[in-house]
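The structure appears right after this line, and notes come after that.
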Amino acid sequence: RRALGEAGVPVPEPLYGDWRPRSGYRIGAQLAGAPDVSALFVANDQMALGALRALGEAGVRVPDDVSVIGFDDIPESEFFTPPLTTVAQDFSEVGRRGIGLLIDMLEAPAESASPHPARSVVPARLVARVSTAPARA
């Protein structure tokens with residue numbers, strides 16, 4: 001959102017799915033005919049799989065017409081057509097840190113509990129594959 005705003009590009013409202021390929025397919029089909037769509041950032045790789053199929057069925061070429069990026073880097077992502085660019089995060093570390101924060105909250109005396117619980121950010125990394133390309137002119 002920040003990058004779009006800094007580039008002077010209108011920030012679209014998010015479209016919501018249910019984490020399954022079918023909802024990604026529905027959203028991909030909805031966006032396939034939109035001339036102003038050049039990229040999709042999809043909340044997980046399963047929904048990205050559905051979006052890739054819907055775009056392909058509509059004749060939209062990925063990444064020539066629209067770039068698609070997922071999130072999770074599931075093992076199958078590199079075998080999608082085209083192989084999916086995605087964001088990888090160490091979900092085991094996310095779980096460890098989450099449990100650690102929960103234990104800290106449970107063990108803290110009630111009078112010292114903060115209304116704003118601690119945060120822990122687990123770094124993510126971009127796994128660039130074939131489903132993305134520079135924006136078209």
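Ligands are numbered from 1 in the order shown, chains are lettered A, B, ... in the order of the structure tokens, and residues start at 1 in each chain.
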
Every residue of chain A that DSSP places in alpha helix (DSSP H), as a ChimeraX atom specification: /A:2-6,21-31,45-57,91-107

Just want the 12 Å neighbourhood of stretch 59-72 of chain A, counted on only C-alpha atoms, with same-chain residues fewer than 6 positions away dropped. Output as a count of residues only. 55

Using DSSP secondary structure from the backbone, list all strand (DSSP E) positions within chain A, as a list of chain:residue names.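 Filtering chain A down to strand (DSSP E) leaves A:Ala39, A:Leu40, A:Phe41, A:Ser67, A:Val68, A:Ile69, A:Gly70, A:Phe71, A:Thr85, A:Thr86, A:Val87, A:Ala88, A:Gln89, A:Ala124, A:Arg125, A:Leu126, A:Val127.
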
Quick one: distance from atom CA of A:Gly95 to atom CA of A:Ala118 in Å, one decimal?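 Atom CA of A:Ala118 lies at a distance of 14.8 Å from atom CA of A:Gly95.
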
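Minimum distance to A:Asp104 across A:Pro75, A:Ser92, A:Leu55, A:Arg119 (counting only C-alpha atoms) occurs at A:Arg119.
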
Find the spatial neighbours of A:Val94, counting only C-alpha atoms, within a cut-off of 9 Å - ignore same-chain residues fewer than 4 positions away - and output them as a PyMOL selection string. chain A and resi 89-90+98-99+120-122
